[in-house]
Amino acid sequence: MTKLSIPKEILVLSVLFSFSFSLAKDVKTSCIQIYQAKLTSQGEVKYAMWLENQKQLETISWVKAASKETKDLLHSSANFETVSNAVLMTNSTPKTISTDKTTKYNYELKFNGIGENQTVRRIHQKNGESEILLKTSDIVKDASFSLIKMWASPNDRYVILMASDNGNIDTFDLIIYDTLSKKVAQRLKASNDQKISWKNNNEFYFNEVSTNESTILKSFNLQNLKSEPIKKSLISIIDSQFYVETDKSHSVLKTAQGLSLHLPKIVKDPTYSILGVFTTQSTNSSHTDVYLHSKDYQNHKIELLHAQINNRTHKVRWNRIYQTPSQRVADEVIYQQKYIISSSYWGSDIQHDILNYQGQTLATIKTPSCCKIQKVEINQDQNQAKVWLQSYFKTQIPYIYDLQKNEFVNPEFAKEMLTYNDIRFQSYVHFAKSQDGTLIPTRITHKENLPLNSKNGALIYGYGGFGLEGYLRSFNQGMDSFFMQNGGIIVAPALRGGNEFGEPWHQSATFRNKSKTFEDFTAAADLLKELKLSSPDYTAIEGWSNGGMVVAATGLLYPDKIGHVISGNGVDDLLRKEFLDTKFGLGWSYEYGNSQSKPVLDYLIGWSPVYQAQIKRNTPHFLILNGKVDSRVNPSHSWKLAYALKEHSSTPENIHLLSIANSGHWMTSPVYQNVIAWRALSYKWTYLFDAFGIKAKIF
């Protein structure tokens, strides 16, 4: 790639202040003197403190200049136009992102492609007539504004919309839209896990975010368009139909339709653990059946409970009818008319248990290696199921599954799911061996008959933290598919720190053992080398947030194994995280430890990216991406990492920073950021195609 070289002296002219000043080393020295940075033998714990002041002109100018150089480099690439068009093309298919229904209508919120308005459509349940109630430009004309969720009022007059601006994922707008006047009736601030639950036909519960960013439970009245705080008891919102009211002695499950059901003590912490509820009436209305599933997050297990309510005497009998088997991680529970489907996984082994409403397992469908299962429907005879599959290349493709033979009726289904544009692909799981001998399930997907010359460009995704599932079964489409059509390889290891094998898998890579996550990443890279699919110069690793920190640390500690690092919105200065992220710093501490403790500081120094970047060494190529208005991770993390690498790497010309205005934590999500995501994705993929020497082609 063309060399980048930001001058160490940048002249900034300011009409407002009528003065000029020089950046880089002079600014760095003066700021360090001001803050009296603590010096160590190899790096500084308090490094480049001037970059923590985001409003300081020196900071603004340096970030702007560094980002401009990266943009200019990528814009000049012969691949940029093709890649940019590919991003548009792969994100042009409309998709439904939220639905709701009332007694009269079905509602759907749709993403209609990059550059297009999102729409809310209302469909009459009886005659099928539909109308578009609103589009995003009716609310605000802003390319970074997106609707994320939607609920309809029982009387069909109002639509309640959850919206994100600038990719913010921590505080959302809750918009009350009047479908009669076609105007916004009220706008509120809502929490990042926002749900609403109807108290009655005119009132709903929600969580409002106050000016000091604390969360307050409130009820909102659609008749007077006012909200009131809830003081008497604790209300926990499950979904739009169900909520739990808790006091000191008991918890009660309630609905707007009048259900009031005391929960048994076996439901631990009902304000936190209940994930879903389903109710049904007996044919003669003698009793009501209530089913709910709650999750034990510590052990990643789900319990399915059943309550039968005698409609005459109101007596209730609770019993547990199902729980996630041992050595399985609970995924989700879906209620259908006659069956319950419980899905779980253990590493790459994913299964869907088909249950009756007595909790008995009627059949089990194993997810094939090529794909993931999106939806299952059982036929009346219980001998077959229709299963919808998704691969990297196709989605919502139905196949018939024989429940007695435990196999798909069409033996060619995998081949069909892995054929696209007349190109055959293969997707399989190998086990990479980490440094301590632990086997790491790793999905590898690429064209069939790829040359075994160790020169195929490979992108390894990873997160590896906070007990969250990684990319092993994500099957992201869009640009991953485009990359593989052009000869690239997509790799997804189950890094420790995630939950692919339950909580022990998470805990094994926390605090001082976080290095296990980095070792697992390199094991995946070593596997590609052993298979002669790729080699370090042709291997890139990518991660975001915690994953951004993970890939930066991995690249710095193992530059002989990794050629390219794409670090997005990373928590890169672990020695300053409690100060940079005042809202989430302690949250990071639950995973990494509190840097204000000396024993923790001592081990964090060993892999904190900003600290390690100060050590003079050979480094991989870096593309450091961040959103300038990220509400979750302070942008200064990325800026400090880029500055340290440009100052200390033996190849500073290979360090690229791209800080994008009006973008947030999920800056590459078209649903959240639309046109801004188009830019971010175009830059990222242009960088990768250039890095691997691939000429992008649209098939």
# chains A, B, ... in the order shown; residues from 1 in each chain; ligands from 1
call {"tool": "residues_around", "arguments": {"residues": "Glu530 in chain A", "least_positions_apart": "4", "cutoff": "12 Å", "atoms": "only C-alpha atoms", "output": "list in words"}}
result
His430, Phe431, Ala432, Lys433, Leu452, Asn453, Ser454, Ala523, Ala524, Ala525, Asp526, Ser534, Ser535 and Pro536 of chain A
call {"tool": "closest_atom_pairs", "arguments": {"of": "range 544-613 of chain A", "to": "range 48-70 of chain A", "cutoff": "10 Å", "atoms": "only C-alpha atoms", "output": "tab-separated table"}}
result
residue	atom	partner	partner_atom	distance
A:Arg576	CA	A:Met49	CA	9.9
A:Phe579	CA	A:Glu52	CA	9.7
A:Leu580	CA	A:Glu52	CA	7.5
A:Val610	CA	A:Ala48	CA	9.6
call {"tool": "write_last_selection", "arguments": {"atoms": "all heavy atoms", "output": "PDB file, in the first residue's frame"}}
result
ATOM      1  N   ARG A 576      -6.066   3.463  31.667  1.00  0.00           N
ATOM      2  CA  ARG A 576      -6.800   4.705  31.904  1.00  0.00           C
ATOM      3  C   ARG A 576      -8.314   4.527  31.739  1.00  0.00           C
ATOM      4  O   ARG A 576      -9.062   5.492  31.698  1.00  0.00           O
ATOM      5  CB  ARG A 576      -6.321   5.780  30.912  1.00  0.00           C
ATOM      6  CG  ARG A 576      -4.885   6.220  31.107  1.00  0.00           C
ATOM      7  CD  ARG A 576      -4.761   7.244  32.210  1.00  0.00           C
ATOM      8  NE  ARG A 576      -5.536   8.441  31.935  1.00  0.00           N
ATOM      9  CZ  ARG A 576      -5.909   9.322  32.872  1.00  0.00           C
ATOM     10  NH1 ARG A 576      -5.606   9.112  34.141  1.00  0.00           N
ATOM     11  NH2 ARG A 576      -6.601  10.401  32.544  1.00  0.00           N
ATOM     12  N   PHE A 579     -10.864   6.253  33.944  1.00  0.00           N
ATOM     13  CA  PHE A 579     -10.925   7.704  33.814  1.00  0.00           C
ATOM     14  C   PHE A 579     -11.548   8.112  32.477  1.00  0.00           C
ATOM     15  O   PHE A 579     -12.288   9.086  32.401  1.00  0.00           O
ATOM     16  CB  PHE A 579      -9.517   8.295  33.941  1.00  0.00           C
ATOM     17  CG  PHE A 579      -8.836   7.960  35.235  1.00  0.00           C
ATOM     18  CD1 PHE A 579      -7.965   6.886  35.330  1.00  0.00           C
ATOM     19  CD2 PHE A 579      -9.098   8.701  36.383  1.00  0.00           C
ATOM     20  CE1 PHE A 579      -7.346   6.567  36.530  1.00  0.00           C
ATOM     21  CE2 PHE A 579      -8.490   8.384  37.586  1.00  0.00           C
ATOM     22  CZ  PHE A 579      -7.615   7.313  37.660  1.00  0.00           C
ATOM     23  N   LEU A 580     -11.242   7.355  31.432  1.00  0.00           N
ATOM     24  CA  LEU A 580     -11.760   7.684  30.110  1.00  0.00           C
ATOM     25  C   LEU A 580     -13.232   7.311  29.971  1.00  0.00           C
ATOM     26  O   LEU A 580     -13.978   7.982  29.261  1.00  0.00           O
ATOM     27  CB  LEU A 580     -10.947   6.966  29.027  1.00  0.00           C
ATOM     28  CG  LEU A 580      -9.528   7.488  28.797  1.00  0.00           C
ATOM     29  CD1 LEU A 580      -8.780   6.595  27.824  1.00  0.00           C
ATOM     30  CD2 LEU A 580      -9.574   8.916  28.265  1.00  0.00           C
ATOM     31  N   VAL A 610      -2.260   0.519  24.241  1.00  0.00           N
ATOM     32  CA  VAL A 610      -1.589   1.818  24.214  1.00  0.00           C
ATOM     33  C   VAL A 610      -0.219   1.732  24.875  1.00  0.00           C
ATOM     34  O   VAL A 610       0.761   2.328  24.391  1.00  0.00           O
ATOM     35  CB  VAL A 610      -2.467   2.901  24.890  1.00  0.00           C
ATOM     36  CG1 VAL A 610      -1.671   4.185  25.126  1.00  0.00           C
ATOM     37  CG2 VAL A 610      -3.705   3.190  24.046  1.00  0.00           C
TER      38      VAL A 610
END
call {"tool": "atom_distance", "arguments": {"atom1": "CA of Gly487 in chain A", "atom2": "CA of Tyr420 in chain A"}}
result
13.2 Å
call {"tool": "atom_distance", "arguments": {"atom1": "CA of Gly606 in chain A", "atom2": "CA of Ser545 in chain A"}}
result
19.2 Å
call {"tool": "atom_distance", "arguments": {"atom1": "CA of Asp349 in chain A", "atom2": "CA of Thr367 in chain A"}}
result
7.4 Å
call {"tool": "residues_around", "arguments": {"residues": "Asn166 in chain A", "least_positions_apart": "2", "cutoff": "12 Å", "atoms": "only C-alpha atoms", "output": "VMD selection string"}}
result
chain A and resid 142 to 147 163 to 164 168 to 173 627 to 631 660 to 677
call {"tool": "residues_around", "arguments": {"residues": "Gly462 in chain A", "least_positions_apart": "2", "cutoff": "7 Å", "atoms": "only C-alpha atoms", "output": "list in words"}}
result
Ile460, Gly464, Gly470, Tyr471, Ala492, Pro493, Leu495, Glu542, Gly543 and Gly547 of chain A
call {"tool": "select_by_dssp", "arguments": {"residues": "range 287-372 of chain A", "states": "strand (DSSP E)", "output": "PyMOL selection string"}}
result
chain A and resi 287-296+301-310+316-323+329-335+340-346+349-355+361-366+372
call {"tool": "residues_around", "arguments": {"residues": "range 572-574 of chain A", "least_positions_apart": "2", "cutoff": "7 Å", "atoms": "only C-alpha atoms", "output": "PyMOL selection string"}}
result
chain A and resi 549+570+576-577+604+608-610+637-638+641
call {"tool": "residues_around", "arguments": {"residues": "Pro411 in chain A", "least_positions_apart": "2", "cutoff": "12 Å", "atoms": "only C-alpha atoms", "output": "number ranges by chain"}}
result
A: 368, 399-402, 407-409, 413-417
call {"tool": "closest_residue", "arguments": {"among": "A:Thr82, A:Asn91, A:Ile541, A:Phe111", "to": "Tyr683 in chain A", "atoms": "only C-alpha atoms"}}
result
A:Thr82
call {"tool": "residues_around", "arguments": {"residues": "Val387 in chain A", "least_positions_apart": "3", "cutoff": "6 Å", "atoms": "only C-alpha atoms", "output": "list in words"}}
result
Lys375, Val376, Pro398 and Tyr399 of chain A
call {"tool": "select_by_dssp", "arguments": {"residues": "range 173-364 of chain A", "states": "helix (DSSP H, G or I)", "output": "list in words"}}
result
Pro270, Thr271, Tyr272 and Ser273 of chain A
call {"tool": "closest_residue", "arguments": {"among": "A:Val87, A:Ile302, A:Ile655, A:Ala152", "to": "Gln241 in chain A", "atoms": "only C-alpha atoms"}}
result
A:Ala152
call {"tool": "closest_residue", "arguments": {"among": "A:Lys265, A:Lys372, A:Lys183, A:Lys455", "to": "Leu389 in chain A", "atoms": "only C-alpha atoms"}}
result
A:Lys372
call {"tool": "closest_residue", "arguments": {"among": "A:Asn112, A:Thr438, A:Gln194, A:Ser249", "to": "Thr136 in chain A", "atoms": "only C-alpha atoms"}}
result
A:Asn112
call {"tool": "closest_residue", "arguments": {"among": "A:Val120, A:Leu418, A:Val290, A:Ala363", "to": "Gln351 in chain A", "atoms": "only C-alpha atoms"}}
result
A:Ala363
call {"tool": "closest_residue", "arguments": {"among": "A:Thr582, A:Asn201, A:Thr445, A:Thr510", "to": "Ser481 in chain A", "atoms": "only C-alpha atoms"}}
result
A:Thr445
